[in-house]
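For reference, entry-v5.cif is printed below; it contains mmCIF, C-alpha atoms and all ligand atoms.
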data_my_file
#
loop_
_atom_site.label_atom_id
_atom_site.label_comp_id
_atom_site.auth_asym_id
_atom_site.auth_seq_id
_atom_site.Cartn_x
_atom_site.Cartn_y
_atom_site.Cartn_z
CA MET A 1 93.18 55.81 114.93
CA ASN A 2 90.76 58.68 114.47
CA ILE A 3 90.41 61.04 117.36
CA GLN A 4 87.36 62.90 116.11
CA ASN A 5 84.11 61.87 114.50
CA GLN A 6 84.88 60.71 111.02
CA THR A 7 83.98 63.51 108.60
CA ILE A 8 86.03 62.13 105.75
CA THR A 9 86.13 58.37 105.18
CA ARG A 10 89.57 57.43 104.00
CA PHE A 11 89.74 55.04 101.03
CA LYS A 12 90.79 51.63 102.35
CA ASN A 13 93.61 51.25 99.81
CA ASN A 14 95.33 54.58 100.43
CA PRO A 15 97.77 55.74 99.27
CA ILE A 16 96.36 55.68 95.73
CA LEU A 17 99.49 56.89 93.96
CA ILE A 18 103.15 56.71 94.92
CA SER A 19 106.43 57.52 93.21
CA LYS A 20 106.96 53.91 92.13
CA ASP A 21 103.80 54.15 89.99
CA VAL A 22 105.44 56.86 87.87
CA PRO A 23 107.31 55.64 84.78
CA TYR A 24 109.95 58.41 84.94
CA PRO A 25 112.25 59.18 87.88
CA VAL A 26 110.52 61.12 90.69
CA VAL A 27 110.75 60.96 94.47
CA THR A 28 107.23 62.08 95.44
CA VAL A 29 103.64 62.16 94.11
CA HIS A 30 101.50 64.72 95.91
CA ASN A 31 99.28 67.83 95.99
CA ALA A 32 97.26 66.96 92.88
CA GLY A 33 94.42 68.77 91.18
CA VAL A 34 91.65 66.36 90.15
CA VAL A 35 88.57 66.78 87.98
CA LYS A 36 85.95 64.59 86.30
CA HIS A 37 86.24 65.01 82.55
CA ASN A 38 84.07 62.97 80.14
CA ASP A 39 83.28 60.50 82.97
CA ARG A 40 86.96 59.93 83.70
CA TYR A 41 88.94 61.28 86.60
CA LEU A 42 91.94 63.35 85.54
CA MET A 43 94.66 63.96 88.07
CA LEU A 44 97.53 66.43 87.64
CA PHE A 45 100.00 65.66 90.41
CA ARG A 46 103.18 67.26 91.63
CA SER A 47 106.43 65.33 91.89
CA HIS A 48 109.74 66.32 93.36
CA LEU A 49 112.70 65.45 91.20
CA ARG A 50 115.92 64.38 92.81
CA ASN A 51 117.23 67.95 92.55
CA GLY A 52 114.42 69.07 94.88
CA ARG A 53 112.45 70.91 92.19
CA SER A 54 108.95 69.96 91.09
CA ILE A 55 107.14 69.06 87.88
CA ILE A 56 103.53 68.06 87.13
CA GLY A 57 102.44 64.61 85.91
CA ARG A 58 99.10 63.25 84.71
CA ALA A 59 97.17 60.18 85.84
CA ASP A 60 93.74 58.90 84.70
CA SER A 61 91.09 56.76 86.35
CA ASP A 62 87.66 55.28 85.67
CA ASP A 63 86.55 55.21 89.29
CA GLY A 64 88.47 58.01 91.03
CA PHE A 65 90.46 55.55 93.15
CA SER A 66 92.65 53.52 90.82
CA PHE A 67 94.88 55.73 88.66
CA SER A 68 97.38 55.00 85.91
CA VAL A 69 100.12 57.47 85.14
CA HIS A 70 100.96 58.82 81.70
CA PRO A 71 104.41 57.94 80.38
CA LYS A 72 105.53 61.57 80.14
CA PRO A 73 105.18 64.58 82.49
CA PHE A 74 102.25 66.92 81.80
CA LEU A 75 103.91 70.24 82.64
CA ILE A 76 107.57 71.07 83.22
CA PRO A 77 109.19 74.50 83.66
CA SER A 78 108.90 76.52 80.49
CA THR A 79 111.93 77.33 78.36
CA GLY A 80 112.35 80.17 75.91
CA THR A 81 109.16 82.03 76.89
CA VAL A 82 108.26 84.86 79.26
CA PHE A 83 107.30 82.14 81.78
CA ALA A 84 110.78 80.57 81.82
CA GLU A 85 112.35 83.21 84.08
CA TYR A 86 109.64 82.56 86.71
CA GLU A 87 109.36 78.76 86.51
CA ALA A 88 113.07 77.98 86.70
CA PHE A 89 112.85 76.47 90.21
CA GLY A 90 109.82 74.34 89.37
CA VAL A 91 106.05 74.15 89.02
CA GLU A 92 103.93 73.08 92.00
CA ASP A 93 100.49 72.43 93.48
CA LEU A 94 98.35 72.72 90.34
CA ARG A 95 94.60 73.25 90.66
CA ILE A 96 92.15 72.35 87.89
CA CYS A 97 89.33 74.91 87.76
CA PRO A 98 86.42 74.06 85.44
CA VAL A 99 85.29 77.38 83.93
CA GLU A 100 83.23 78.06 80.78
CA GLY A 101 83.59 74.54 79.38
CA ALA A 102 87.40 74.48 79.64
CA TYR A 103 89.85 73.93 82.47
CA LEU A 104 91.90 76.73 83.96
CA LEU A 105 95.09 75.45 85.53
CA THR A 106 96.62 77.56 88.29
CA TYR A 107 100.01 76.56 89.62
CA SER A 108 102.86 77.91 91.69
CA ALA A 109 105.80 79.06 89.60
CA TYR A 110 109.01 79.12 91.63
CA SER A 111 112.17 81.02 90.71
CA ARG A 112 114.94 83.12 92.22
CA HIS A 113 112.35 85.92 92.26
CA GLY A 114 110.05 84.05 94.64
CA VAL A 115 106.77 82.21 94.09
CA ARG A 116 103.95 83.51 91.93
CA ILE A 117 100.98 82.00 90.15
CA ALA A 118 100.85 81.05 86.49
CA LEU A 119 97.61 80.37 84.63
CA ALA A 120 97.32 77.85 81.81
CA ARG A 121 94.31 76.47 79.98
CA THR A 122 93.35 73.12 78.48
CA SER A 123 90.19 71.59 77.03
CA ASP A 124 91.34 68.03 76.50
CA PHE A 125 94.36 67.55 78.84
CA GLU A 126 96.51 66.97 75.75
CA LYS A 127 97.17 70.51 74.54
CA VAL A 128 98.08 73.07 77.23
CA GLU A 129 98.34 76.76 76.57
CA ARG A 130 100.00 79.08 79.09
CA VAL A 131 97.89 82.23 79.47
CA ALA A 132 99.65 84.60 81.87
CA LEU A 133 101.50 85.04 85.14
CA ILE A 134 98.62 86.34 87.21
CA THR A 135 100.26 87.43 90.48
CA GLN A 136 103.43 88.95 91.74
CA ALA A 137 105.62 87.21 94.33
CA ASP A 138 105.07 86.04 97.00
CA LEU A 139 101.67 84.57 96.49
CA ARG A 140 100.41 81.02 96.03
CA ASN A 141 97.36 78.72 96.28
CA VAL A 142 95.04 80.32 93.73
CA VAL A 143 91.67 78.71 92.96
CA ILE A 144 89.19 80.19 90.47
CA PHE A 145 85.42 79.87 90.99
CA PRO A 146 83.58 77.85 88.29
CA GLU A 147 81.18 80.73 87.54
CA LYS A 148 81.56 84.44 86.84
CA PHE A 149 79.99 86.96 89.22
CA GLY A 150 78.78 90.31 87.83
CA GLY A 151 80.62 89.47 84.62
CA ARG A 152 83.95 88.95 86.38
CA TYR A 153 86.10 85.94 87.18
CA VAL A 154 86.70 85.46 90.88
CA ARG A 155 89.58 83.78 92.63
CA LEU A 156 90.73 83.02 96.15
CA ASP A 157 94.40 83.64 96.76
CA ARG A 158 96.95 83.79 99.52
CA PRO A 159 99.46 86.63 99.57
CA HIS A 160 102.25 86.42 102.10
CA SER A 161 102.94 89.18 104.61
CA GLU A 162 105.31 89.52 107.55
CA ILE A 163 102.77 91.70 109.37
CA SER A 164 99.60 89.64 109.15
CA GLN A 165 99.23 85.87 109.26
CA TRP A 166 98.89 84.08 105.91
CA SER A 167 95.19 84.65 105.09
CA ILE A 168 92.71 83.98 102.29
CA TRP A 169 91.95 86.90 99.97
CA ILE A 170 89.51 87.34 97.09
CA SER A 171 90.32 89.05 93.76
CA TYR A 172 88.36 89.81 90.59
CA SER A 173 89.18 89.96 86.89
CA PRO A 174 87.39 90.88 83.65
CA ASP A 175 89.75 88.83 81.48
CA LEU A 176 91.69 86.31 83.67
CA VAL A 177 94.88 88.34 83.14
CA HIS A 178 94.32 91.53 85.13
CA TRP A 179 93.19 91.00 88.74
CA GLY A 180 92.17 93.50 91.38
CA ASP A 181 89.61 94.70 93.94
CA SER A 182 91.49 92.36 96.29
CA ARG A 183 90.50 92.06 99.91
CA VAL A 184 90.98 89.72 102.80
CA ILE A 185 88.00 87.48 103.62
CA MET A 186 89.30 84.82 106.00
CA LYS A 187 92.08 84.79 108.57
CA PRO A 188 93.64 82.24 110.91
CA VAL A 189 92.16 82.18 114.41
CA ALA A 190 94.48 82.56 117.41
CA TYR A 191 95.06 79.43 119.49
CA HIS A 192 93.07 77.31 117.03
CA TRP A 193 94.10 74.42 114.74
CA ASP A 194 94.62 76.86 111.86
CA GLU A 195 96.28 79.65 113.83
CA MET A 196 99.58 79.85 111.91
CA LYS A 197 98.31 80.09 108.34
CA ILE A 198 95.44 79.20 106.08
CA GLY A 199 95.25 78.93 102.31
CA PRO A 200 92.91 77.97 99.50
CA GLY A 201 92.77 74.23 98.85
CA ALA A 202 90.46 72.68 96.26
CA PRO A 203 88.55 74.88 93.78
CA PRO A 204 85.18 75.65 95.44
CA PHE A 205 82.13 73.74 94.24
CA LYS A 206 78.42 74.62 94.35
CA THR A 207 75.98 73.23 96.93
CA ASP A 208 72.37 74.21 97.69
CA LYS A 209 73.56 76.37 100.58
CA GLY A 210 76.68 77.98 99.14
CA TRP A 211 80.09 77.42 97.56
CA LEU A 212 81.97 74.84 99.57
CA HIS A 213 85.69 75.44 99.88
CA ILE A 214 88.03 72.85 101.39
CA TYR A 215 91.04 74.83 102.63
CA HIS A 216 94.23 74.03 104.52
CA GLY A 217 95.24 75.33 107.91
CA VAL A 218 98.55 75.10 109.72
CA PHE A 219 99.39 74.85 113.41
CA LYS A 220 102.90 75.26 114.79
CA THR A 221 104.00 72.82 117.49
CA MET A 222 107.25 72.34 119.40
CA SER A 223 108.19 69.65 116.88
CA GLY A 224 107.19 71.38 113.66
CA THR A 225 104.01 72.28 111.81
CA VAL A 226 100.84 70.25 111.24
CA TYR A 227 98.84 70.76 108.03
CA ARG A 228 95.13 69.93 108.29
CA LEU A 229 91.99 70.54 106.18
CA GLY A 230 88.93 72.62 107.03
CA ALA A 231 85.70 73.63 105.29
CA ALA A 232 84.25 77.07 104.56
CA LEU A 233 80.95 78.01 102.93
CA HIS A 234 80.72 81.09 100.68
CA ASP A 235 77.53 82.88 99.65
CA LEU A 236 76.18 81.66 96.30
CA ASP A 237 75.71 85.16 94.86
CA ASP A 238 78.60 86.94 96.57
CA PRO A 239 81.53 84.59 97.24
CA SER A 240 83.35 87.30 99.20
CA GLU A 241 80.79 86.69 101.94
CA ILE A 242 81.62 83.68 104.07
CA ILE A 243 78.50 82.18 105.63
CA GLY A 244 80.27 79.76 107.93
CA VAL A 245 83.57 78.02 108.66
CA SER A 246 83.76 74.65 110.38
CA ASP A 247 85.30 75.25 113.80
CA GLY A 248 87.16 71.94 113.81
CA TRP A 249 89.36 70.44 111.12
CA ILE A 250 87.80 67.88 108.82
CA LEU A 251 91.02 65.93 108.20
CA GLN A 252 94.35 65.69 109.98
CA PRO A 253 97.47 63.56 109.41
CA GLU A 254 96.84 60.12 110.95
CA ASP A 255 97.88 57.39 108.53
CA PRO A 256 101.60 56.50 108.61
CA TRP A 257 102.14 58.00 105.10
CA GLU A 258 100.60 61.28 106.31
CA VAL A 259 102.57 61.42 109.55
CA ASN A 260 105.94 60.49 108.03
CA GLY A 261 107.51 61.32 104.69
CA TYR A 262 109.25 64.09 102.77
CA VAL A 263 107.55 66.64 105.07
CA PRO A 264 105.99 64.98 108.15
CA ASN A 265 102.46 65.69 109.39
CA VAL A 266 100.92 67.06 106.24
CA VAL A 267 97.58 66.57 104.53
CA PHE A 268 97.27 69.12 101.72
CA THR A 269 94.49 69.31 99.13
CA CYS A 270 94.39 70.81 95.64
CA GLY A 271 91.30 68.99 94.37
CA ALA A 272 87.85 67.66 95.24
CA VAL A 273 85.26 66.08 92.95
CA PRO A 274 81.57 66.45 93.89
CA GLU A 275 79.46 63.49 92.77
CA ASP A 276 75.78 63.24 91.76
CA ASP A 277 75.02 61.04 94.79
CA GLY A 278 75.71 63.88 97.25
CA THR A 279 79.22 62.79 98.19
CA VAL A 280 82.53 64.42 97.38
CA LYS A 281 85.86 62.77 96.73
CA ILE A 282 88.57 64.78 98.43
CA TYR A 283 92.16 64.21 97.28
CA TRP A 284 95.19 65.11 99.37
CA GLY A 285 98.92 64.74 99.43
CA GLY A 286 100.21 62.78 102.43
CA ALA A 287 103.45 64.14 103.96
CA ASP A 288 104.34 65.71 100.57
CA THR A 289 105.09 62.15 99.44
CA VAL A 290 101.99 60.21 98.25
CA MET A 291 98.43 60.82 97.03
CA CYS A 292 95.38 59.80 99.06
CA VAL A 293 91.62 60.06 98.66
CA GLY A 294 88.60 60.00 100.94
CA THR A 295 84.88 60.61 100.64
CA ALA A 296 82.54 62.85 102.59
CA VAL A 297 78.83 63.63 102.48
CA ILE A 298 78.47 67.16 101.12
CA ASP A 299 75.48 68.00 103.36
CA GLU A 300 77.53 67.01 106.42
CA LEU A 301 80.37 69.36 105.46
CA VAL A 302 77.85 72.14 104.85
CA ALA A 303 76.21 71.45 108.23
CA LEU A 304 79.59 71.70 109.97
CA CYS A 305 80.11 75.14 108.43
CA LEU A 306 76.64 76.33 109.44
CA SER A 307 76.18 74.77 112.87
CA ASP A 308 79.64 74.98 114.32
CA SER A 309 80.99 78.13 112.73
CA ARG A 310 83.96 80.13 113.86
CA PRO A 311 84.27 83.77 112.71
CA PRO A 312 85.94 84.01 109.29
CA LEU A 313 87.95 87.10 110.21
C1 LIG A 401 103.29 74.53 101.77
C2 LIG A 401 103.40 74.24 100.29
C3 LIG A 401 102.79 72.89 99.98
C4 LIG A 401 103.26 71.81 100.94
C5 LIG A 401 103.17 72.27 102.38
C6 LIG A 401 103.74 71.27 103.38
O1 LIG A 401 103.93 75.72 102.11
O2 LIG A 401 104.76 74.24 99.93
O3 LIG A 401 103.14 72.53 98.67
O4 LIG A 401 102.47 70.66 100.79
O5 LIG A 401 103.86 73.50 102.53
O6 LIG A 401 105.10 71.05 103.13
#
Since I need it in another form, could you write the structure as structure tokens?
Amino acid sequence: MNIQNQTITRFKNNPILISKDVPYPVVTVHNAGVVKHNDRYLMLFRSHLRNGRSIIGRADSDDGFSFSVHPKPFLIPSTGTVFAEYEAFGVEDLRICPVEGAYLLTYSAYSRHGVRIALARTSDFEKVERVALITQADLRNVVIFPEKFGGRYVRLDRPHSEISQWSIWISYSPDLVHWGDSRVIMKPVAYHWDEMKIGPGAPPFKTDKGWLHIYHGVFKTMSGTVYRLGAALHDLDDPSEIIGVSDGWILQPEDPWEVNGYVPNVVFTCGAVPEDDGTVKIYWGGADTVMCVGTAVIDELVALCLSDSRPPL
């Protein structure tokens, strides 16, 4: 059942990855970053362990739909380093940001001190180097733009506040370690599908009309929250300027493995891969339990942002 015009075409064999595909014991496979590297699709997915804490695994694919999982986890909480204190409760929701010929990995580091973002770097998905903890708590969902602007790296992030709804902010850095000039650029809209909170989703990618950002939005109902996906278009030269935001969601939980699972009624993205043919593969976790993929026409997503825009703030 699809109750709106189909913006994203779900892959017919969803879900594409489940816990049984993983050769070590995990209970979920979800919220994965995905990138195309040397003509192969690289997926870094989150899994809950039976103790409720998360680690990151790796899966590879030739076509972006059929993935095989590596025998060992890709990233587990650090021990014996400055990161250890802040990753003790697990590592979650990793994004793969292609920047300057390498991949910047941003992930949520959970500990008794709250959740903050750690940054790691890899060039080959074999060797991973942790760079820095780049936020304080509580802050998650950081995606870094593929290009620098005015000589600075730029990220979207999502601090948490009791006063204002969870909103999307932008921050700048000369060196990837020190971030500042932060300001809010997009907020939830009252009595709208994303009225409870919004947050960065997949790292933004370039289109003719602007940087396209697939984000998540949350709505609170009498029987819990619903996580959906939306699209926002940022100015090519100044990504702090949002040109348009699709008024409606582009994906909502509908398949049984999105409606029911570890956390019901969730579609949550950490990765999208634009293709040369003008389509984009969007990857999402279903109900915090499985991984799914769908395709969309990039021009159609852009048109939704431009023709049917709601105010960003
Ligand atoms: C958010 C994050 C995501 C998760 C979502 C739905 O707050 O924790 O990792 O997918 O909730 O449970």
What are the centre and edge lengths in Å, to one decimal, of the axis-aligned box around all listed atoms of region 217-228 of chain A with 5 Å added on each side, as AutoDock Vina command-line options?
--center_x 101.7 --center_y 72.5 --center_z 113.7 --size_x 23.1 --size_y 15.7 --size_z 21.5
Proximity check region 65-118 of chain A to region 39-49 of chain A, 7 Å, nearest pairs one decimal Å, all atoms listed in the file, as a tab-separated table:
residue	atom	partner	partner_atom	distance
A:Glu92	CA	A:Arg46	CA	5.9
A:Asp93	CA	A:Arg46	CA	6.1
A:Leu94	CA	A:Leu44	CA	6.9
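Take CA of Gly180 (chain A) and CA of Leu75 (chain A): the distance between them is 27.5 Å.
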Skip Pro204 (chain A) itself and residues of its chain fewer than 5 positions away, then list as a ChimeraX atom specification all residues within 7 Å of it, counting only C-alpha atoms.
-> /A:145,211-213
Enumerate residues in contact with ligand LIG 401 (chain A): an atom-to-atom distance of at most 8 Å, counting all atoms listed in the file. Format the result as a ChimeraX atom specification.
-> /A:30-31,92-93,227,263-264,266-268,285,287-288
Counting only C-alpha atoms, what is within 12 Å of Gly271 (chain A), bar same-chain residues fewer than 4 positions away, as a ChimeraX atom specification?
-> /A:30-36,41-45,64,93-98,105-106,141-143,200-205,213-216,229,280-285,291-294
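Between CA of Thr28 (chain A) and CA of Gln252 (chain A) there is a distance of 19.8 Å.
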Do a neighbour search on Ile76 (chain A) at 10 Å with only C-alpha atoms, toss out local chain neighbours closer than 4 positions, and write the hits as an mmCIF file with C-alpha atoms, in the frame of the given file.
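selection14.cif was written with the following content:
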data_model
loop_
_atom_site.group_PDB
_atom_site.id
_atom_site.type_symbol
_atom_site.label_atom_id
_atom_site.label_comp_id
_atom_site.auth_asym_id
_atom_site.auth_seq_id
_atom_site.Cartn_x
_atom_site.Cartn_y
_atom_site.Cartn_z
ATOM 1 C CA SER A 54 108.950 69.960 91.090
ATOM 2 C CA ILE A 55 107.140 69.060 87.880
ATOM 3 C CA ILE A 56 103.530 68.060 87.130
ATOM 4 C CA GLY A 57 102.440 64.610 85.910
ATOM 5 C CA GLU A 87 109.360 78.760 86.510
ATOM 6 C CA ALA A 88 113.070 77.980 86.700
ATOM 7 C CA GLY A 90 109.820 74.340 89.370
ATOM 8 C CA VAL A 91 106.050 74.150 89.020
ATOM 9 C CA GLU A 92 103.930 73.080 92.000
#
Kindly reconstruct region 212-223 of chain A with all heavy atoms and present the result as a JSON list (two decimals), in the coordinates of the input.
[["chain", "number", "residue", "atom", "x", "y", "z"],
["A", 212, "LEU", "N", 81.20, 75.52, 98.53],
["A", 212, "LEU", "CA", 81.97, 74.84, 99.57],
["A", 212, "LEU", "C", 83.46, 74.86, 99.20],
["A", 212, "LEU", "O", 83.84, 74.45, 98.10],
["A", 212, "LEU", "CB", 81.47, 73.41, 99.74],
["A", 212, "LEU", "CG", 81.97, 72.68, 100.98],
["A", 212, "LEU", "CD1", 81.55, 73.39, 102.26],
["A", 212, "LEU", "CD2", 81.45, 71.24, 101.00],
["A", 213, "HIS", "N", 84.25, 75.33, 100.11],
["A", 213, "HIS", "CA", 85.69, 75.44, 99.88],
["A", 213, "HIS", "C", 86.43, 74.63, 100.93],
["A", 213, "HIS", "O", 86.31, 74.89, 102.13],
["A", 213, "HIS", "CB", 86.11, 76.93, 99.95],
["A", 213, "HIS", "CG", 87.59, 77.12, 99.86],
["A", 213, "HIS", "ND1", 88.26, 78.04, 100.61],
["A", 213, "HIS", "CD2", 88.52, 76.48, 99.11],
["A", 213, "HIS", "CE1", 89.55, 77.96, 100.32],
["A", 213, "HIS", "NE2", 89.74, 77.04, 99.42],
["A", 214, "ILE", "N", 87.17, 73.62, 100.49],
["A", 214, "ILE", "CA", 88.03, 72.85, 101.39],
["A", 214, "ILE", "C", 89.39, 73.55, 101.40],
["A", 214, "ILE", "O", 90.04, 73.66, 100.35],
["A", 214, "ILE", "CB", 88.22, 71.39, 100.90],
["A", 214, "ILE", "CG1", 86.89, 70.75, 100.47],
["A", 214, "ILE", "CG2", 88.92, 70.55, 101.97],
["A", 214, "ILE", "CD1", 85.92, 70.48, 101.55],
["A", 215, "TYR", "N", 89.79, 74.06, 102.56],
["A", 215, "TYR", "CA", 91.04, 74.83, 102.63],
["A", 215, "TYR", "C", 92.03, 74.11, 103.54],
["A", 215, "TYR", "O", 91.69, 73.12, 104.19],
["A", 215, "TYR", "CB", 90.76, 76.26, 103.13],
["A", 215, "TYR", "CG", 90.37, 76.37, 104.58],
["A", 215, "TYR", "CD1", 91.32, 76.76, 105.54],
["A", 215, "TYR", "CD2", 89.07, 76.11, 105.02],
["A", 215, "TYR", "CE1", 90.98, 76.87, 106.89],
["A", 215, "TYR", "CE2", 88.73, 76.22, 106.36],
["A", 215, "TYR", "CZ", 89.68, 76.60, 107.28],
["A", 215, "TYR", "OH", 89.36, 76.71, 108.61],
["A", 216, "HIS", "N", 93.28, 74.60, 103.58],
["A", 216, "HIS", "CA", 94.23, 74.03, 104.52],
["A", 216, "HIS", "C", 94.57, 75.03, 105.61],
["A", 216, "HIS", "O", 94.55, 76.25, 105.41],
["A", 216, "HIS", "CB", 95.51, 73.53, 103.82],
["A", 216, "HIS", "CG", 96.37, 74.61, 103.24],
["A", 216, "HIS", "ND1", 96.30, 74.99, 101.92],
["A", 216, "HIS", "CD2", 97.32, 75.39, 103.81],
["A", 216, "HIS", "CE1", 97.17, 75.96, 101.71],
["A", 216, "HIS", "NE2", 97.81, 76.23, 102.83],
["A", 217, "GLY", "N", 94.85, 74.49, 106.78],
["A", 217, "GLY", "CA", 95.24, 75.33, 107.91],
["A", 217, "GLY", "C", 96.46, 74.71, 108.59],
["A", 217, "GLY", "O", 96.63, 73.49, 108.58],
["A", 218, "VAL", "N", 97.29, 75.57, 109.15],
["A", 218, "VAL", "CA", 98.55, 75.10, 109.72],
["A", 218, "VAL", "C", 98.67, 75.52, 111.18],
["A", 218, "VAL", "O", 98.32, 76.65, 111.55],
["A", 218, "VAL", "CB", 99.75, 75.67, 108.92],
["A", 218, "VAL", "CG1", 101.05, 75.02, 109.39],
["A", 218, "VAL", "CG2", 99.56, 75.46, 107.43],
["A", 219, "PHE", "N", 99.16, 74.58, 111.99],
["A", 219, "PHE", "CA", 99.39, 74.85, 113.41],
["A", 219, "PHE", "C", 100.86, 74.55, 113.70],
["A", 219, "PHE", "O", 101.40, 73.56, 113.23],
["A", 219, "PHE", "CB", 98.50, 73.93, 114.25],
["A", 219, "PHE", "CG", 98.53, 74.24, 115.72],
["A", 219, "PHE", "CD1", 97.75, 75.28, 116.24],
["A", 219, "PHE", "CD2", 99.32, 73.51, 116.60],
["A", 219, "PHE", "CE1", 97.77, 75.57, 117.60],
["A", 219, "PHE", "CE2", 99.35, 73.81, 117.95],
["A", 219, "PHE", "CZ", 98.57, 74.84, 118.45],
["A", 220, "LYS", "N", 101.49, 75.44, 114.47],
["A", 220, "LYS", "CA", 102.90, 75.26, 114.79],
["A", 220, "LYS", "C", 103.03, 74.60, 116.15],
["A", 220, "LYS", "O", 102.45, 75.07, 117.13],
["A", 220, "LYS", "CB", 103.57, 76.63, 114.81],
["A", 220, "LYS", "CG", 105.07, 76.57, 114.72],
["A", 220, "LYS", "CD", 105.61, 77.97, 114.52],
["A", 220, "LYS", "CE", 107.12, 77.94, 114.44],
["A", 220, "LYS", "NZ", 107.65, 79.28, 114.38],
["A", 221, "THR", "N", 103.77, 73.50, 116.21],
["A", 221, "THR", "CA", 104.00, 72.82, 117.49],
["A", 221, "THR", "C", 105.49, 72.88, 117.83],
["A", 221, "THR", "O", 106.30, 73.34, 117.02],
["A", 221, "THR", "CB", 103.58, 71.33, 117.43],
["A", 221, "THR", "OG1", 104.58, 70.62, 116.68],
["A", 221, "THR", "CG2", 102.24, 71.15, 116.77],
["A", 222, "MET", "N", 105.84, 72.37, 118.99],
["A", 222, "MET", "CA", 107.25, 72.34, 119.40],
["A", 222, "MET", "C", 108.07, 71.44, 118.48],
["A", 222, "MET", "O", 109.29, 71.56, 118.43],
["A", 222, "MET", "CB", 107.37, 71.85, 120.84],
["A", 222, "MET", "CG", 106.78, 72.79, 121.87],
["A", 222, "MET", "SD", 107.51, 74.42, 121.82],
["A", 222, "MET", "CE", 109.03, 74.07, 122.73],
["A", 223, "SER", "N", 107.42, 70.51, 117.77],
["A", 223, "SER", "CA", 108.19, 69.65, 116.88],
["A", 223, "SER", "C", 107.80, 69.85, 115.42],
["A", 223, "SER", "O", 107.78, 68.91, 114.63],
["A", 223, "SER", "CB", 108.07, 68.19, 117.28],
["A", 223, "SER", "OG", 106.73, 67.78, 117.18]]
